[in-house]
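First the structure, in the form of structure tokens, and then the observations on it.
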Amino acid sequence: MDSIIVTGNGPLKGQIPIAGAKNACLTLMPATLLSEEPLTLTNAPRLSDIKTMTELLQSLGAEVTSMQDGQVQAMSSHNLSTTRAEYDIVRKMRASNLVLGPLLAREHHAEVSLPGGCAIGARPMDLHITALEAMGAEIELKDGYLHAKAPGGLKGAVHELRFASVGATENVVMAATLAKGTTVLKNAAREPEIVDLVHCLRKMGAQIEGEGTSTITIQGVDRLSGATHPVVTDRIELGTYMLAPAICGGEVELLGGRIDLVGAFCEKLDAAGISVEETDSGLKVARKNGRVRAVDVVTEPFPGFPTDLQAQMMALMCTAEGTSVLEERIFENRFMHAPELMRMGAEIEVHGGTATVTGVEKLKGAPVMATDLRASVSLILAGLAAEGETIVNRVYHLDRGYERVEEKLRNIGARIERVNAE
Ligand code: UD1
């Protein structure tokens with residue numbers, strides 16, 4: 001199993017190109033199941049999660065061809081061979097559940113394995129199920145699979161989500177594109193990945209209004225056509241690399257970065273004393289003098305501070321001046337990086353969903369264990385700022401969501417290498 005070795009090396013300088021968003025691509029890919037015509041995605045990120053989604057779509061009979069070194073995914077769901085999403089693939093990635101809405105809408109039935117336990121919390125599917133049931137689906141859990149059917153097809157409905165779930169919003173929006181009549185989804189999630197999904201579905205002929213707001217209205221149509229669509233910039237990869245110069249000092253330009261994707265995050269960087277500037281090609285982040293100031297963070301659905309940047313922000317707060325309180329409100333068990341950061345000398349106290357971090361002058365390199373995707377990159381960021389060598393083990397998590405991380409960081413002057421620890 002690979003490990004990554006990072007050695008603290010002072011200020012960083014240069015440019016990092018930001019890839020297309022993993023989480024957008026993982027909902028855009030299942031959208032192919034809605035149409036018999038080809039759907040082509042450009043600006044796709046090169047990640048193992050994308051390979052898992054490819055495998056899942058292929059297992060359903062879709063054709064998926066990866067081109068231009070993985071940056072173009074050409075898909076066709078002309079013929080589907082099954083509507084059963086097997087546990088062996090689904091268990092690898094929760095986003096596999098995003099085939100449920102499209103399959104149900106097009107084929108009127110689907111059997112999708114429940115994803116099973118996840119390191120960052122229970123992550124149930126009740127919101128997806130209740131919403132699809134409101135649209136006329138009958139769903140029962142048998143042998144670990146959701147057996148869903150909608151005899152005669154899904155019907156438009158007015159439904160309010162109890163919580164603005166990203167995945168439930170995506171499943172409902174996709175399902176509603178082919179339902180009979182109008183669906184009004186209230187308390188919908190407003191994440192940029194959902195806006196991107198709607199833009200793509202609209203190109204395919206879907207009639208949707210209200211993306212980016214809490215109420216999305218979908219007028220069902222008889223069929224959707226093909227389309228070509230560029231995947232939106234990955235705001236989490238963007239935020240992660242914005243933290244590299246913040247934590248190590250220096251100045252880095254993030255190519256393709258957009259402030260509207262990371263507004264709440266930029267406000268916190270500003271309060272911490274980090275400068276963020278828009279350039280012709282993206283965003284430039286600089287930390288020139290002095291220590292970062294401690295800031296408090298509460299994770300919230302978009303446009304609030306993203307839970308997917310909480311671990312990385314904690315790494316920054318570990319060496320900030322003062323005490324910061326990080327409150328995790330989206331997932332119940334998302335501080336597994338805290339004990340690992342403490343192995344590097346961080347002072348952190350966790351009580352339930354709240355972590356209190358008292359900044360120290362300097363972190364010290366140590367062997368640490370990556371526990372999930374965002375936790376692993378937070379340990380790399382911490383390692384960049386630490387004295388000596390940090391060995392991050394179990395980095396397969398990292399490859400799920402960050403393409404060419406060593407190359408991107410090396411290009412801005414970081415000392416980072418991957419070793420095979422077998
Ligand atoms: C998506 C993102 C993930 C991000 C999360 C929150 C993808 C592929 N993943 O995950 O990176 O961290 O949004 O921004 O886009 N919940 C329920 N019942 C449900 C569904 C969700 O209780 O039916 C709860 C979850 O347990 C969690 C919270 O709602 O506590 C947020 O989940 P949700 O917004 O659905 O996240 P995902 O779509 O799984």
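Residues in the structure tokens are named by chain (A, B, ... in the order shown) and by number from 1 within that chain; ligands are numbered from 1 in the order shown.
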
Would you mind listing, for every residue of chain A within 8 Å of ligand 1, the two atoms forming the shortest contact and the distance between them in Å to one decimal, using only C-alpha atoms and all ligand atoms, sorted by chain and ascending residue number, as a tab-separated table?
```
residue	atom	partner	partner_atom_place_in_ligand_line	distance
A:Lys22	CA	ligand 1	8 (C)	7.2
A:Asn23	CA	ligand 1	15 (O)	4.1
A:Ala24	CA	ligand 1	15 (O)	6.7
A:Leu26	CA	ligand 1	8 (C)	5.9
A:Thr27	CA	ligand 1	8 (C)	7.1
A:Arg94	CA	ligand 1	39 (O)	6.6
A:Ala95	CA	ligand 1	8 (C)	4.7
A:Gly121	CA	ligand 1	26 (O)	6.4
A:Ala122	CA	ligand 1	26 (O)	5.6
A:Arg123	CA	ligand 1	26 (O)	3.1
A:Pro124	CA	ligand 1	18 (N)	4.5
A:Met125	CA	ligand 1	23 (O)	3.2
A:Asp126	CA	ligand 1	23 (O)	3.9
A:Leu127	CA	ligand 1	23 (O)	3.4
A:His128	CA	ligand 1	23 (O)	4.9
A:Ile129	CA	ligand 1	23 (O)	7.0
A:Phe163	CA	ligand 1	29 (O)	6.5
A:Ala164	CA	ligand 1	34 (O)	6.3
A:Ser165	CA	ligand 1	34 (O)	3.4
A:Val166	CA	ligand 1	34 (O)	3.8
A:Gly167	CA	ligand 1	38 (O)	3.3
A:Ala168	CA	ligand 1	35 (O)	5.9
A:Ala189	CA	ligand 1	34 (O)	7.5
A:Glu191	CA	ligand 1	14 (O)	7.8
A:Glu193	CA	ligand 1	15 (O)	7.5
A:Glu300	CA	ligand 1	14 (O)	7.9
A:Pro301	CA	ligand 1	14 (O)	6.0
A:Phe302	CA	ligand 1	14 (O)	7.5
A:Pro306	CA	ligand 1	14 (O)	6.2
A:Thr307	CA	ligand 1	12 (O)	5.7
A:Asp308	CA	ligand 1	12 (O)	5.1
A:Arg329	CA	ligand 1	30 (O)	7.8
A:Ile330	CA	ligand 1	30 (O)	4.7
A:Phe331	CA	ligand 1	30 (O)	4.2
A:Glu332	CA	ligand 1	30 (O)	6.5
```

I'd like the neighbourhood of segment 264-271 of chain A as a list in words, where a residue qualifies if any of its atoms comes within 8 Å (using only C-alpha atoms), though same-chain residues fewer than 2 positions away should be ignored. Gly239, Ile259, Val262, Gly273, Ile274, Ser275, Val276, Arg293, Val295, Val297, Pro303, Gly304, Phe305 and Pro306 of chain A

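The shortest atom-to-atom distance to Val231 of chain A, with only C-alpha atoms taken into account, belongs to A:Gln71 out of A:Gln71, A:Thr323, A:Asn420, A:Thr7.
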
What are the closest atom pairs, with distances in Å to one decimal, for each residue of segment 288-318 of chain A lying within 10 Å of segment 345-364 of chain A, using only C-alpha atoms, rows by chain and rising residue number, as a Markdown table?
```
| residue | atom | partner | partner_atom | distance |
| --- | --- | --- | --- | --- |
| A:Arg291 | CA | A:Glu361 | CA | 8.5 |
| A:Val292 | CA | A:Gly359 | CA | 9.3 |
| A:Arg293 | CA | A:Gly359 | CA | 9.0 |
| A:Ala294 | CA | A:Gly359 | CA | 7.5 |
| A:Val295 | CA | A:Val357 | CA | 9.9 |
| A:Asp296 | CA | A:Thr356 | CA | 9.1 |
| A:Val297 | CA | A:Thr354 | CA | 9.8 |
| A:Val298 | CA | A:Thr354 | CA | 9.1 |
| A:Met314 | CA | A:Val357 | CA | 7.6 |
| A:Ala315 | CA | A:Ala346 | CA | 8.7 |
| A:Leu316 | CA | A:Gly359 | CA | 8.9 |
| A:Met317 | CA | A:Gly359 | CA | 6.1 |
| A:Cys318 | CA | A:Gly359 | CA | 4.6 |
```

Export, as an mmCIF file, in the first residue's frame, the selected residues with all heavy atoms.
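This went into again23.cif:
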```
data_model
loop_
_atom_site.group_PDB
_atom_site.id
_atom_site.type_symbol
_atom_site.label_atom_id
_atom_site.label_comp_id
_atom_site.auth_asym_id
_atom_site.auth_seq_id
_atom_site.Cartn_x
_atom_site.Cartn_y
_atom_site.Cartn_z
ATOM 1 N N ARG A 291 2.241 35.088 11.818
ATOM 2 C CA ARG A 291 1.475 33.853 11.984
ATOM 3 C C ARG A 291 0.031 34.063 11.571
ATOM 4 O O ARG A 291 -0.493 35.174 11.635
ATOM 5 C CB ARG A 291 1.514 33.438 13.454
ATOM 6 C CG ARG A 291 2.544 32.357 13.738
ATOM 7 C CD ARG A 291 2.671 32.138 15.215
ATOM 8 N NE ARG A 291 1.719 31.134 15.690
ATOM 9 C CZ ARG A 291 1.611 30.783 16.964
ATOM 10 N NH1 ARG A 291 2.367 31.364 17.882
ATOM 11 N NH2 ARG A 291 0.744 29.867 17.337
ATOM 12 N N VAL A 292 -0.608 32.991 11.181
ATOM 13 C CA VAL A 292 -2.036 33.016 10.858
ATOM 14 C C VAL A 292 -2.812 33.252 12.158
ATOM 15 O O VAL A 292 -2.397 32.805 13.216
ATOM 16 C CB VAL A 292 -2.401 31.645 10.244
ATOM 17 C CG1 VAL A 292 -3.889 31.444 10.175
ATOM 18 C CG2 VAL A 292 -1.759 31.495 8.896
ATOM 19 N N ARG A 293 -3.924 33.981 12.060
ATOM 20 C CA ARG A 293 -4.764 34.194 13.258
ATOM 21 C C ARG A 293 -5.796 33.077 13.369
ATOM 22 O O ARG A 293 -6.313 32.593 12.360
ATOM 23 C CB ARG A 293 -5.499 35.535 13.150
ATOM 24 C CG ARG A 293 -4.588 36.743 13.293
ATOM 25 C CD ARG A 293 -5.415 38.009 13.405
ATOM 26 N NE ARG A 293 -6.086 38.352 12.150
ATOM 27 C CZ ARG A 293 -5.522 39.055 11.162
ATOM 28 N NH1 ARG A 293 -4.282 39.476 11.262
ATOM 29 N NH2 ARG A 293 -6.205 39.333 10.065
ATOM 30 N N ALA A 294 -6.122 32.698 14.604
ATOM 31 C CA ALA A 294 -7.137 31.664 14.829
ATOM 32 C C ALA A 294 -8.512 32.194 14.433
ATOM 33 O O ALA A 294 -8.840 33.354 14.704
ATOM 34 C CB ALA A 294 -7.138 31.254 16.291
ATOM 35 N N VAL A 295 -9.302 31.368 13.766
ATOM 36 C CA VAL A 295 -10.685 31.742 13.442
ATOM 37 C C VAL A 295 -11.597 30.556 13.761
ATOM 38 O O VAL A 295 -11.170 29.405 13.718
ATOM 39 C CB VAL A 295 -10.875 32.123 11.945
ATOM 40 C CG1 VAL A 295 -10.198 33.423 11.603
ATOM 41 C CG2 VAL A 295 -10.364 31.025 11.017
ATOM 42 N N ASP A 296 -12.851 30.858 14.090
ATOM 43 C CA ASP A 296 -13.824 29.797 14.375
ATOM 44 C C ASP A 296 -14.546 29.416 13.094
ATOM 45 O O ASP A 296 -14.796 30.273 12.232
ATOM 46 C CB ASP A 296 -14.846 30.279 15.416
ATOM 47 C CG ASP A 296 -14.178 30.550 16.759
ATOM 48 O OD1 ASP A 296 -13.063 30.046 16.974
ATOM 49 O OD2 ASP A 296 -14.782 31.273 17.579
ATOM 50 N N VAL A 297 -14.899 28.150 12.997
ATOM 51 C CA VAL A 297 -15.545 27.652 11.772
ATOM 52 C C VAL A 297 -16.736 26.770 12.137
ATOM 53 O O VAL A 297 -16.653 25.952 13.048
ATOM 54 C CB VAL A 297 -14.526 26.814 10.950
ATOM 55 C CG1 VAL A 297 -15.216 26.065 9.824
ATOM 56 C CG2 VAL A 297 -13.419 27.696 10.392
ATOM 57 N N VAL A 298 -17.844 26.975 11.423
ATOM 58 C CA VAL A 298 -19.006 26.088 11.568
ATOM 59 C C VAL A 298 -19.312 25.540 10.177
ATOM 60 O O VAL A 298 -19.482 26.315 9.230
ATOM 61 C CB VAL A 298 -20.237 26.871 12.079
ATOM 62 C CG1 VAL A 298 -21.453 25.956 12.179
ATOM 63 C CG2 VAL A 298 -19.941 27.516 13.431
ATOM 64 N N MET A 314 -8.597 22.676 9.771
ATOM 65 C CA MET A 314 -8.060 22.354 11.095
ATOM 66 C C MET A 314 -6.532 22.295 11.050
ATOM 67 O O MET A 314 -5.849 22.759 11.974
ATOM 68 C CB MET A 314 -8.619 21.026 11.602
ATOM 69 C CG MET A 314 -8.205 20.747 13.038
ATOM 70 S SD MET A 314 -8.714 19.135 13.639
ATOM 71 C CE MET A 314 -10.451 19.373 13.892
ATOM 72 N N ALA A 315 -5.997 21.750 9.944
ATOM 73 C CA ALA A 315 -4.531 21.694 9.808
ATOM 74 C C ALA A 315 -3.947 23.109 9.884
ATOM 75 O O ALA A 315 -2.939 23.348 10.546
ATOM 76 C CB ALA A 315 -4.147 21.025 8.496
ATOM 77 N N LEU A 316 -4.630 24.067 9.234
ATOM 78 C CA LEU A 316 -4.147 25.458 9.268
ATOM 79 C C LEU A 316 -4.215 26.021 10.690
ATOM 80 O O LEU A 316 -3.295 26.689 11.158
ATOM 81 C CB LEU A 316 -4.983 26.330 8.318
ATOM 82 C CG LEU A 316 -4.629 27.822 8.295
ATOM 83 C CD1 LEU A 316 -3.258 28.036 7.642
ATOM 84 C CD2 LEU A 316 -5.677 28.643 7.547
ATOM 85 N N MET A 317 -5.323 25.714 11.371
ATOM 86 C CA MET A 317 -5.517 26.274 12.714
ATOM 87 C C MET A 317 -4.514 25.711 13.725
ATOM 88 O O MET A 317 -4.263 26.318 14.761
ATOM 89 C CB MET A 317 -6.959 26.003 13.187
ATOM 90 C CG MET A 317 -7.984 26.845 12.464
ATOM 91 S SD MET A 317 -7.665 28.620 12.688
ATOM 92 C CE MET A 317 -7.088 29.132 11.092
ATOM 93 N N CYS A 318 -3.918 24.558 13.416
ATOM 94 C CA CYS A 318 -2.968 23.936 14.347
ATOM 95 C C CYS A 318 -1.766 24.831 14.649
ATOM 96 O O CYS A 318 -1.168 24.728 15.707
ATOM 97 C CB CYS A 318 -2.473 22.603 13.788
ATOM 98 S SG CYS A 318 -3.708 21.329 13.896
#
```

Using only C-alpha atoms, the residue out of A:Ile391, A:Leu103, A:Val184, A:Met313 with shortest distance to Leu161 of chain A is A:Val184

Between A:Ile218, A:Val405, A:Val172, A:Leu104, smallest distance to Ile16 of chain A by only C-alpha atoms belongs to A:Val405

Considering only C-alpha atoms, state which residue in the set A:Val285, A:Leu341, A:Met242, A:Ala62 is at the smallest distance from Leu409 of chain A.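 Checking each candidate against Leu409 of chain A, we get A:Met242 as the closest.
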
Option closest in space to Gly250 of chain A, from A:Leu56, A:Ala21, A:Ile412, A:Leu178 [counting only C-alpha atoms]: A:Ile412

Non-local contacts of Arg404 of chain A (10 Å; only C-alpha atoms; under 6 positions in same chain excluded) as a ChimeraX atom specification: /A:46-47,398,410

Based on the selection just made, write all heavy atoms of those residues as a short mmCIF file (atom, residue, chain, number, x, y, z; two decimals), in the first residue's frame.
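Wrote it out as result00.cif, contents follow:
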```cif
data_model
loop_
_atom_site.label_atom_id
_atom_site.label_comp_id
_atom_site.auth_asym_id
_atom_site.auth_seq_id
_atom_site.Cartn_x
_atom_site.Cartn_y
_atom_site.Cartn_z
N ARG A 46 -9.20 12.99 -12.91
CA ARG A 46 -8.66 11.64 -13.06
C ARG A 46 -8.48 11.02 -11.68
O ARG A 46 -7.47 11.24 -11.01
CB ARG A 46 -7.34 11.70 -13.83
CG ARG A 46 -7.63 12.11 -15.27
CD ARG A 46 -6.48 12.70 -15.98
NE ARG A 46 -6.14 14.02 -15.50
CZ ARG A 46 -5.18 14.75 -16.04
NH1 ARG A 46 -4.48 14.29 -17.03
NH2 ARG A 46 -4.91 15.96 -15.56
N LEU A 47 -9.51 10.31 -11.25
CA LEU A 47 -9.58 9.85 -9.87
C LEU A 47 -10.11 8.43 -9.80
O LEU A 47 -10.87 8.01 -10.67
CB LEU A 47 -10.55 10.74 -9.08
CG LEU A 47 -10.25 12.23 -9.08
CD1 LEU A 47 -11.43 13.00 -8.51
CD2 LEU A 47 -9.00 12.49 -8.25
N LEU A 398 -6.72 9.15 -0.61
CA LEU A 398 -6.35 10.38 -1.30
C LEU A 398 -6.61 10.28 -2.80
O LEU A 398 -7.10 11.21 -3.43
CB LEU A 398 -4.85 10.60 -1.06
CG LEU A 398 -4.27 11.93 -1.42
CD1 LEU A 398 -4.75 12.97 -0.43
CD2 LEU A 398 -2.75 11.86 -1.38
N ARG A 410 4.61 19.37 -5.78
CA ARG A 410 6.04 19.48 -6.10
C ARG A 410 6.29 20.70 -7.00
O ARG A 410 7.27 21.41 -6.85
CB ARG A 410 6.51 18.21 -6.80
CG ARG A 410 7.81 17.70 -6.23
CD ARG A 410 8.25 16.44 -6.94
NE ARG A 410 7.67 15.24 -6.38
CZ ARG A 410 7.09 14.28 -7.10
NH1 ARG A 410 6.99 14.37 -8.41
NH2 ARG A 410 6.61 13.21 -6.51
#
```

Cys248 of chain A environment, 7 Å, only C-alpha atoms, sequence neighbours closer than 6 positions dropped, as a PyMOL selection string: chain A and resi 10-12+384-385

Counting only C-alpha atoms, the residue among A:Met1, A:Val198, A:Val6, A:Leu238 that lies closest to Ala386 of chain A is A:Val6

Would you mind listing what lies within 9 Å of Glu417 of chain A as a PyMOL selection string, with only C-alpha atoms counted and same-chain residues fewer than 5 positions away left out? chain A and resi 3-6+406-407+410

Generate a file of the selected residues that holds C-alpha atoms, formatted as a PDB file, in the first residue's frame.
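again-v1.pdb was written with the following content:
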```pdb
ATOM      1  CA  SER A   3       2.479   6.032   1.594  1.00  0.00           C
ATOM      2  CA  ILE A   4       3.328   9.654   1.044  1.00  0.00           C
ATOM      3  CA  ILE A   5       6.375  11.252   2.592  1.00  0.00           C
ATOM      4  CA  VAL A   6       6.267  15.015   3.109  1.00  0.00           C
ATOM      5  CA  GLU A 406       2.466  14.931  -5.484  1.00  0.00           C
ATOM      6  CA  GLU A 407       3.055  16.469  -8.914  1.00  0.00           C
ATOM      7  CA  ARG A 410       6.039  19.479  -6.097  1.00  0.00           C
TER       8      ARG A 410
END
```

Could you pull the residues within 10 Å of segment 141-153 of chain A, counting only C-alpha atoms, minus those fewer than 4 positions along the same chain, as a PyMOL selection string? chain A and resi 84-87+97+100-101+103-116+125+129+132-133+135-137+178-180
